[in-house]
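*Asks:* What follows is my_file-v4.txt, compact mmCIF, C-alpha atoms and all ligand atoms.
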```
# COMPACT_ATOMS: atom_id res chain seq x y z
CA MET G 20 -181.25 5.00 -114.61
CA SER G 21 -179.71 8.46 -114.37
CA ARG G 22 -177.89 9.81 -117.39
CA ILE G 23 -174.10 10.01 -117.28
CA ALA G 24 -172.10 12.93 -118.63
CA TYR G 25 -168.38 13.24 -119.28
CA VAL G 26 -166.79 16.52 -118.11
CA ASN G 27 -163.05 17.11 -118.27
CA GLY G 28 -161.93 13.61 -117.42
CA ARG G 29 -164.79 12.48 -115.18
CA TYR G 30 -167.97 10.50 -115.78
CA LEU G 31 -170.71 11.89 -113.56
CA PRO G 32 -174.51 11.71 -113.16
CA LEU G 33 -175.89 14.50 -115.35
CA ALA G 34 -177.25 16.43 -112.34
CA ALA G 35 -173.81 16.45 -110.71
CA ALA G 36 -171.84 17.32 -113.85
CA GLN G 37 -170.60 20.92 -113.81
CA VAL G 38 -168.43 23.40 -115.64
CA ARG G 39 -167.02 26.54 -114.05
CA VAL G 40 -168.93 29.82 -113.98
CA GLU G 41 -166.06 31.47 -115.81
CA ASP G 42 -166.07 28.89 -118.58
CA ARG G 43 -165.77 30.82 -121.83
CA GLY G 44 -168.54 28.74 -123.38
CA PHE G 45 -170.88 30.17 -120.75
CA GLN G 46 -169.43 33.71 -120.73
CA PHE G 47 -168.88 34.26 -124.46
CA GLY G 48 -170.31 31.32 -126.37
CA ASP G 49 -166.63 30.66 -127.08
CA GLY G 50 -166.92 27.03 -128.04
CA VAL G 51 -167.92 24.50 -130.68
CA TYR G 52 -170.04 21.37 -130.73
CA GLU G 53 -171.14 18.31 -132.64
CA VAL G 54 -174.29 16.18 -132.57
CA VAL G 55 -173.69 12.61 -133.73
CA HIS G 56 -176.51 10.16 -134.37
CA LEU G 57 -176.30 6.66 -132.98
CA HIS G 58 -178.20 3.81 -134.59
CA ARG G 59 -178.21 0.46 -132.77
CA GLY G 60 -174.90 1.20 -131.12
CA ARG G 61 -173.22 2.52 -134.24
CA PHE G 62 -172.40 6.14 -135.02
CA THR G 63 -173.62 7.63 -138.26
CA ASP G 64 -170.88 9.45 -140.18
CA GLU G 65 -168.55 9.57 -137.18
CA ASP G 66 -165.52 10.52 -139.26
CA LYS G 67 -167.32 13.41 -140.92
CA HIS G 68 -168.40 14.78 -137.53
CA LEU G 69 -164.93 14.47 -135.97
CA ASN G 70 -163.38 16.05 -139.07
CA ARG G 71 -165.77 18.96 -138.81
CA LEU G 72 -165.09 19.30 -135.08
CA GLY G 73 -161.39 19.57 -135.89
CA ARG G 74 -162.10 22.17 -138.53
CA SER G 75 -164.30 24.25 -136.19
CA LEU G 76 -161.62 24.12 -133.49
CA GLY G 77 -158.94 25.11 -135.98
CA GLU G 78 -160.90 28.05 -137.37
CA LEU G 79 -161.33 29.41 -133.82
CA ARG G 80 -157.81 28.44 -132.69
CA ILE G 81 -159.12 26.30 -129.83
CA PRO G 82 -156.77 23.36 -129.21
CA TRP G 83 -158.09 19.80 -129.28
CA PRO G 84 -158.80 18.94 -125.61
CA LEU G 85 -157.24 15.50 -126.18
CA SER G 86 -156.40 13.33 -129.14
CA ARG G 87 -159.03 12.42 -131.67
CA ALA G 88 -158.56 8.74 -130.81
CA ALA G 89 -159.11 9.48 -127.11
CA LEU G 90 -162.28 11.42 -127.95
CA GLY G 91 -163.49 8.43 -129.97
CA GLY G 92 -162.99 6.30 -126.85
CA ILE G 93 -164.84 8.78 -124.62
CA ILE G 94 -167.91 8.99 -126.83
CA ARG G 95 -168.09 5.18 -126.84
CA GLU G 96 -167.72 5.09 -123.07
CA VAL G 97 -170.52 7.66 -122.64
CA VAL G 98 -172.74 5.55 -124.89
CA ALA G 99 -171.91 2.42 -122.88
CA ARG G 100 -172.47 4.09 -119.49
CA ASN G 101 -175.83 5.42 -120.67
CA ARG G 102 -176.73 1.96 -122.02
CA LEU G 103 -177.75 3.39 -125.36
CA HIS G 104 -178.41 0.37 -127.52
CA ALA G 105 -181.08 1.78 -129.79
CA ASN G 106 -181.54 5.15 -131.45
CA GLY G 107 -179.72 8.00 -129.73
CA LEU G 108 -177.43 10.94 -130.07
CA VAL G 109 -174.14 12.01 -128.61
CA TYR G 110 -173.47 15.68 -127.95
CA ILE G 111 -169.85 16.87 -127.85
CA GLN G 112 -168.93 20.39 -126.75
CA VAL G 113 -165.48 21.92 -126.55
CA THR G 114 -164.91 25.43 -125.21
CA ARG G 115 -161.80 27.58 -124.88
CA GLY G 116 -161.83 26.74 -121.17
CA ALA G 117 -162.32 28.65 -117.93
CA ALA G 118 -160.37 31.83 -117.19
CA ARG G 119 -160.94 35.25 -115.61
CA ARG G 120 -163.45 37.04 -117.81
CA ASP G 121 -161.62 38.94 -120.54
CA HIS G 122 -162.55 38.95 -124.21
CA VAL G 123 -159.06 38.21 -125.47
CA PHE G 124 -157.88 34.61 -125.53
CA PRO G 125 -156.73 33.32 -122.14
CA ALA G 126 -153.19 32.08 -121.44
CA ALA G 127 -152.07 29.27 -123.72
CA THR G 128 -151.93 27.01 -120.66
CA THR G 129 -155.74 27.24 -120.23
CA ARG G 130 -157.18 23.81 -120.87
CA PRO G 131 -160.17 23.55 -123.18
CA THR G 132 -163.36 22.23 -121.57
CA LEU G 133 -164.74 18.99 -122.99
CA VAL G 134 -168.30 17.87 -122.28
CA VAL G 135 -169.93 14.78 -123.77
CA THR G 136 -173.54 13.81 -123.13
CA ALA G 137 -175.85 11.27 -124.72
CA ARG G 138 -179.57 10.62 -124.90
CA THR G 139 -182.08 8.40 -126.57
CA LEU G 140 -183.99 9.40 -129.68
CA ALA G 141 -187.30 8.11 -130.97
CA PRO G 142 -186.93 4.99 -133.15
CA TYR G 143 -185.58 5.65 -136.63
CA PRO G 144 -188.53 6.77 -138.81
CA ARG G 145 -189.87 3.94 -140.96
CA ASP G 146 -192.68 5.77 -142.66
CA VAL G 147 -191.53 8.68 -144.79
CA ASP G 148 -195.06 10.10 -145.03
CA ALA G 149 -195.40 10.21 -141.27
CA TRP G 150 -191.93 11.80 -141.06
CA ALA G 151 -192.96 14.74 -143.29
CA THR G 152 -193.03 18.13 -141.65
CA THR G 153 -193.63 21.84 -142.22
CA ILE G 154 -191.45 24.95 -142.25
CA ILE G 155 -191.82 28.70 -142.19
CA THR G 156 -189.41 31.29 -143.58
CA GLY G 157 -187.68 34.20 -141.86
CA PRO G 158 -184.63 36.44 -142.07
CA ASP G 159 -181.15 35.02 -141.55
CA GLN G 160 -179.82 37.10 -138.67
CA ARG G 161 -176.52 35.26 -138.15
CA TRP G 162 -172.87 36.27 -138.54
CA ASP G 163 -170.78 35.57 -141.63
CA ARG G 164 -168.99 32.42 -140.39
CA CYS G 165 -171.92 30.04 -140.26
CA ASP G 166 -169.59 27.31 -141.54
CA ILE G 167 -168.16 27.03 -138.01
CA LYS G 168 -170.33 24.94 -135.70
CA THR G 169 -170.18 27.25 -132.68
CA VAL G 170 -172.43 27.17 -129.64
CA ASN G 171 -173.38 30.79 -130.47
CA LEU G 172 -176.87 29.82 -131.57
CA LEU G 173 -179.03 32.77 -130.55
CA PRO G 174 -180.36 33.59 -134.05
CA ASN G 175 -180.97 29.87 -134.59
CA VAL G 176 -182.80 29.64 -131.26
CA LEU G 177 -185.02 32.59 -132.21
CA ALA G 178 -185.70 31.14 -135.66
CA LYS G 179 -186.58 27.74 -134.22
CA GLN G 180 -188.85 29.32 -131.62
CA ALA G 181 -190.63 31.31 -134.35
CA ALA G 182 -191.26 28.02 -136.16
CA ARG G 183 -192.59 26.39 -133.00
CA GLU G 184 -194.95 29.32 -132.34
CA ALA G 185 -196.22 29.05 -135.93
CA GLY G 186 -196.86 25.33 -135.47
CA ALA G 187 -193.97 24.41 -137.81
CA PHE G 188 -190.79 22.39 -137.29
CA GLU G 189 -188.17 24.63 -138.85
CA THR G 190 -187.47 28.08 -140.24
CA ALA G 191 -185.78 28.41 -143.63
CA MET G 192 -183.59 31.48 -143.35
CA VAL G 193 -183.45 34.07 -146.11
CA ASP G 194 -180.33 36.20 -146.70
CA GLY G 195 -180.24 39.87 -147.69
CA ASP G 196 -180.47 38.94 -151.40
CA GLY G 197 -183.66 36.94 -150.97
CA MET G 198 -181.78 33.63 -151.22
CA ILE G 199 -182.26 30.73 -148.83
CA THR G 200 -179.24 29.84 -146.71
CA GLU G 201 -180.40 26.88 -144.58
CA CYS G 202 -182.74 26.15 -141.68
CA ALA G 203 -182.13 26.90 -137.99
CA SER G 204 -180.63 23.45 -137.37
CA SER G 205 -180.68 21.69 -140.75
CA ASN G 206 -179.71 22.10 -144.40
CA LEU G 207 -182.45 22.69 -146.97
CA TRP G 208 -182.86 21.09 -150.40
CA ILE G 209 -185.40 21.52 -153.18
CA VAL G 210 -186.38 19.79 -156.39
CA ASP G 211 -186.98 22.90 -158.45
CA GLU G 212 -189.76 23.48 -160.97
CA ARG G 213 -187.57 21.97 -163.72
CA GLY G 214 -186.97 18.83 -161.67
CA GLN G 215 -183.39 19.68 -160.64
CA LEU G 216 -182.24 18.75 -157.11
CA ARG G 217 -180.55 21.77 -155.55
CA THR G 218 -179.00 22.85 -152.28
CA ARG G 219 -176.93 25.90 -151.43
CA PRO G 220 -173.19 25.52 -152.17
CA LEU G 221 -170.79 25.37 -149.25
CA GLY G 222 -169.43 28.70 -148.10
CA HIS G 223 -169.39 30.90 -145.03
CA GLU G 224 -173.20 31.25 -145.14
CA ILE G 225 -174.11 27.67 -144.16
CA LEU G 226 -172.95 24.83 -141.98
CA PRO G 227 -171.34 22.06 -144.05
CA GLY G 228 -173.79 19.42 -142.88
CA CYS G 229 -172.46 15.89 -142.41
CA THR G 230 -175.84 14.54 -143.52
CA ARG G 231 -175.67 16.85 -146.54
CA ALA G 232 -172.24 15.43 -147.43
CA ALA G 233 -173.26 11.81 -146.85
CA LEU G 234 -176.41 12.22 -148.93
CA ALA G 235 -174.46 13.91 -151.73
CA GLU G 236 -172.21 10.82 -151.86
CA LEU G 237 -175.25 8.54 -152.12
CA LEU G 238 -176.79 10.41 -155.06
CA ALA G 239 -174.74 8.67 -157.76
CA GLY G 240 -176.14 5.31 -156.67
CA GLU G 241 -179.63 6.77 -156.98
CA ARG G 242 -178.86 8.26 -160.41
CA VAL G 243 -179.87 11.69 -159.13
CA THR G 244 -177.71 14.70 -159.99
CA LEU G 245 -177.24 17.61 -157.64
CA SER G 246 -176.80 21.22 -158.57
CA GLU G 247 -175.13 23.07 -155.70
CA THR G 248 -176.67 26.43 -156.51
CA ALA G 249 -178.41 28.83 -154.17
CA PHE G 250 -182.18 29.13 -154.61
CA SER G 251 -184.40 32.05 -153.79
CA LEU G 252 -187.42 32.28 -151.52
CA GLU G 253 -189.54 32.44 -154.69
CA GLU G 254 -187.95 29.26 -156.03
CA LEU G 255 -188.60 27.57 -152.68
CA ARG G 256 -192.26 28.54 -152.99
CA ARG G 257 -192.46 27.10 -156.53
CA ALA G 258 -190.46 23.94 -155.76
CA ARG G 259 -191.86 20.52 -156.63
CA GLU G 260 -190.25 18.93 -153.58
CA VAL G 261 -188.59 20.26 -150.44
CA PHE G 262 -186.69 18.37 -147.75
CA LEU G 263 -184.22 19.09 -144.99
CA THR G 264 -181.26 17.14 -143.64
CA SER G 265 -179.50 16.93 -140.28
CA ALA G 266 -177.97 14.36 -137.96
CA THR G 267 -181.27 14.01 -136.12
CA SER G 268 -183.73 14.73 -138.97
CA PHE G 269 -181.96 12.46 -141.52
CA VAL G 270 -183.84 13.15 -144.78
CA ARG G 271 -187.05 14.86 -143.68
CA PRO G 272 -189.71 15.79 -146.25
CA VAL G 273 -191.21 19.27 -146.05
CA ILE G 274 -194.81 19.37 -147.28
CA ARG G 275 -195.78 22.94 -146.37
CA VAL G 276 -193.86 26.21 -146.56
CA ASP G 277 -195.43 29.16 -144.73
CA GLY G 278 -198.73 27.28 -144.64
CA THR G 279 -198.85 26.61 -148.41
CA PRO G 280 -198.57 22.99 -149.62
CA VAL G 281 -195.49 22.03 -151.64
CA GLU G 282 -197.03 20.80 -154.95
CA ASP G 283 -199.93 18.57 -153.89
CA GLY G 284 -198.80 18.51 -150.25
CA LYS G 285 -197.56 14.92 -150.49
CA VAL G 286 -194.02 13.55 -150.25
CA GLY G 287 -192.47 13.66 -153.73
CA PRO G 288 -190.69 10.78 -155.54
CA ILE G 289 -187.10 12.04 -155.24
CA THR G 290 -187.45 12.79 -151.53
CA ARG G 291 -188.95 9.33 -151.06
CA ARG G 292 -185.98 7.69 -152.77
CA LEU G 293 -183.40 9.72 -150.90
CA PHE G 294 -185.09 9.03 -147.57
CA ALA G 295 -184.80 5.30 -148.31
CA ALA G 296 -181.18 5.62 -149.48
CA PHE G 297 -180.20 7.48 -146.33
CA ALA G 298 -182.02 4.96 -144.14
CA ARG G 299 -179.89 2.20 -145.72
CA HIS G 300 -176.79 4.31 -145.09
CA VAL G 301 -177.66 4.71 -141.40
CA GLN G 302 -178.33 1.00 -141.12
CA GLY G 303 -174.83 0.20 -142.23
CA GLY G 304 -174.29 1.19 -145.83
CA LEU G 305 -170.77 0.82 -147.18
CA SER G 306 -170.03 4.52 -147.07
CA ASN G 307 -170.80 4.53 -143.36
CA ALA G 308 -168.30 1.89 -142.30
CA ALA G 309 -167.82 1.67 -138.54
N1 LIG Q 401 -177.69 20.85 -136.20
N2 LIG Q 401 -177.27 23.67 -140.35
C1 LIG Q 401 -177.29 24.03 -139.07
C2 LIG Q 401 -177.39 25.48 -138.73
C3 LIG Q 401 -177.23 23.05 -138.07
O1 LIG Q 401 -177.24 23.40 -136.77
C4 LIG Q 401 -177.17 21.68 -138.44
C5 LIG Q 401 -177.09 20.58 -137.42
C6 LIG Q 401 -177.16 21.35 -139.81
C7 LIG Q 401 -177.06 19.94 -140.29
O2 LIG Q 401 -175.77 19.40 -140.04
P1 LIG Q 401 -175.58 17.84 -139.78
O3 LIG Q 401 -176.15 17.15 -140.96
O4 LIG Q 401 -174.11 17.66 -139.69
O5 LIG Q 401 -176.30 17.50 -138.52
C8 LIG Q 401 -177.20 22.38 -140.74
C9 LIG Q 401 -177.58 19.89 -135.12
C10 LIG Q 401 -178.26 18.60 -135.40
C11 LIG Q 401 -178.04 20.57 -133.84
O6 LIG Q 401 -177.70 21.73 -133.67
O7 LIG Q 401 -178.71 19.94 -133.01
```
Represent the supplied structure as structure tokens.

*Replies:*
Amino acid sequence: MSRIAYVNGRYLPLAAAQVRVEDRGFQFGDGVYEVVHLHRGRFTDEDKHLNRLGRSLGELRIPWPLSRAALGGIIREVVARNRLHANGLVYIQVTRGAARRDHVFPAATTRPTLVVTARTLAPYPRDVDAWATTIITGPDQRWDRCDIKTVNLLPNVLAKQAAREAGAFETAMVDGDGMITECASSNLWIVDERGQLRTRPLGHEILPGCTRAALAELLAGERVTLSETAFSLEELRRAREVFLTSATSFVRPVIRVDGTPVEDGKVGPITRRLFAAFARHVQGGLSNAA
């Protein structure tokens, strides 16, 4: 069955779906996006993702292409037309629209472009040990509004490619002060050498991850406390446990950093517990009401 995409009011086979050459997403990277996980027909943290989409649009002064309720209907329709009943993801992109190429904003009458696609994902990971992965580290080469989820992802693309070429899954990015910001497409957490769970506080330097927020809400039930304090590359190297979070990585243990094992190279106890807590959340936990 061919995949179906939504583009500006029409549902089309993916190969036939098109945006204009002068779309500002294509010309300038002038757009924002969201990736929402779908588990057995149900979105994970839908509200958080749509809230963040609204925030990204607002920060860049791109109007909503249609109402939030209408967008909710479209993402469901795309899921239905692609017959996604198992694990999948929905991709939503909104750009400032198509107009004659000029850096300044186009006329206020220019309609934003809305694209929604969907695809299957591998089954939700059952085995946390098998889900463990490896990362490398590298410089953070991005701009200073990383809290906006824009389609301008060139530094992230280069960081992810560097990881791939090193045989790793992700790159943890290091800022000019030697502190970790986040990974190319995920947030990074450590259990430091004193046993404290830490992740970088929200700010312009990182994306406010929806998985990060959902996991933070689950911590009380796990009797784990979080310190939202930045950690350095050195602290990452000395950490007892490391894991990353994203809509498609969930809670993913990291067992090697730059080729060196984290502790004994096995998934640690806190990561194990949080992986299980997030799995329950995805499968319909109370804080993830449909
Ligand atoms: N990436 N940081 C960055 C730079 C990201 O691109 C992402 C998500 C995250 C995690 O955010 P969330 O938990 O809301 O997925 C953090 C998505 C999955 C992507 O670009 O494919």

*Asks:* Which residues sit within 6 Å of ligand LIG 401 (chain Q), counting only C-alpha atoms and all ligand atoms, listed as a PyMOL selection string?

*Replies:* chain G and resi 54+203-206+226+228-231+264-267

*Asks:* Using all atoms listed in the file, which residue out of G:Val113, G:Ala249, G:Val55, G:Val176 lies closest to G:Val26?

*Replies:*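 Among the listed residues, G:Val113 lies closest to G:Val26.
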
*Asks:* What lies within 6 Å of stretch 81-84 of chain G using all atoms listed in the file, ignoring chain neighbours under 2 positions off, as number ranges by chain?

*Replies:* G: 76, 79, 115, 131

*Asks:* Using atom CA of G:Asp277 and atom CA of G:Asn175 as the two end points, give the distance in Å to one decimal.

*Replies:*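 Going from atom CA of G:Asp277 over to atom CA of G:Asn175 covers 17.7 Å.
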
*Asks:* Mind giving me the straight-line distance from atom CA of G:Thr128 to atom CA of G:Arg80 in Å, one decimal?

*Replies:*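 Separating atom CA of G:Thr128 from atom CA of G:Arg80 is a distance of 13.5 Å.
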
*Asks:* Stretch 32-46 of chain G: which residues within 6 Å, counting all atoms listed in the file, same-chain residues fewer than 3 positions away excluded, as a list of chain:residue names?

*Replies:* G:Arg22, G:Ile23, G:Ala24, G:Asp49, G:Gly50, G:Thr114, G:Arg115, G:Gly116, G:Ala117, G:Ala118

*Asks:* Can those selected residues be exported to a file as a short mmCIF file (atom, residue, chain, number, x, y, z; two decimals), in the frame of the given file so that it contains C-alpha atoms?

*Replies:*
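Okay, selection-v4.cif is ready:
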```
data_model
loop_
_atom_site.label_atom_id
_atom_site.label_comp_id
_atom_site.auth_asym_id
_atom_site.auth_seq_id
_atom_site.Cartn_x
_atom_site.Cartn_y
_atom_site.Cartn_z
CA ARG G 22 -177.89 9.81 -117.39
CA ILE G 23 -174.10 10.01 -117.28
CA ALA G 24 -172.10 12.93 -118.63
CA ASP G 49 -166.63 30.66 -127.08
CA GLY G 50 -166.92 27.03 -128.04
CA THR G 114 -164.91 25.43 -125.21
CA ARG G 115 -161.80 27.58 -124.88
CA GLY G 116 -161.83 26.74 -121.17
CA ALA G 117 -162.32 28.65 -117.93
CA ALA G 118 -160.37 31.83 -117.19
#
```

*Asks:* Hey, what's within 8 Å of stretch 233-236 of chain G if we count all atoms listed in the file and toss same-chain stuff fewer than 3 positions away? As a VMD selection string, please?

*Replies:* chain G and resid 64 229 to 230 239 245 293 297 306

*Asks:* Under the rule that all atoms listed in the file are counted, which of G:Phe47, G:Leu103, G:Val98, G:Gln302 is the nearest residue to G:Asp121?

*Replies:*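 Of G:Phe47, G:Leu103, G:Val98, G:Gln302, the one nearest G:Asp121 is G:Phe47, counting all atoms listed in the file.
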
*Asks:* Name the residues in contact with G:Ala182 at a cut-off of 10 Å, using only C-alpha atoms, excluding same-chain residues fewer than 3 positions from it; report them as a tab-separated table (two decimals) with C-alpha atoms, keeping the file's coordinate frame.

*Replies:*
```tsv
chain	number	residue	atom	x	y	z
G	153	THR	CA	-193.63	21.84	-142.22
G	154	ILE	CA	-191.45	24.95	-142.25
G	155	ILE	CA	-191.82	28.70	-142.19
G	156	THR	CA	-189.41	31.29	-143.58
G	157	GLY	CA	-187.68	34.20	-141.86
G	176	VAL	CA	-182.80	29.64	-131.26
G	177	LEU	CA	-185.02	32.59	-132.21
G	178	ALA	CA	-185.70	31.14	-135.66
G	179	LYS	CA	-186.58	27.74	-134.22
G	185	ALA	CA	-196.22	29.05	-135.93
G	186	GLY	CA	-196.86	25.33	-135.47
G	187	ALA	CA	-193.97	24.41	-137.81
G	188	PHE	CA	-190.79	22.39	-137.29
G	189	GLU	CA	-188.17	24.63	-138.85
G	190	THR	CA	-187.47	28.08	-140.24
G	191	ALA	CA	-185.78	28.41	-143.63
G	203	ALA	CA	-182.13	26.90	-137.99
G	277	ASP	CA	-195.43	29.16	-144.73
```

*Asks:* Find, counting only C-alpha atoms, the residue in G:Leu173, G:Ala99, G:Val134, G:Val270 that gets nearest to G:Val147.

*Replies:*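 With only C-alpha atoms as the atom set, the closest residue is G:Val270.
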
*Asks:* Compare G:Ala151, G:Cys202, G:Val243, G:Val193 by their minimum atom-to-atom distance to G:Ile289, counting only C-alpha atoms, and give me the closest one.

*Replies:*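 Comparing G:Ala151, G:Cys202, G:Val243, G:Val193 against G:Ile289, the winner is G:Val243.
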
*Asks:* For the point (-194.4, 28.6, -155.5) in the file's frame, write as a list in words all residues with an atom no more than 9 Å away, counting only C-alpha atoms.

*Replies:* Glu212, Leu252, Glu253, Glu254, Leu255, Arg256, Arg257, Ala258, Arg259, Thr279, Val281 and Glu282 of chain G
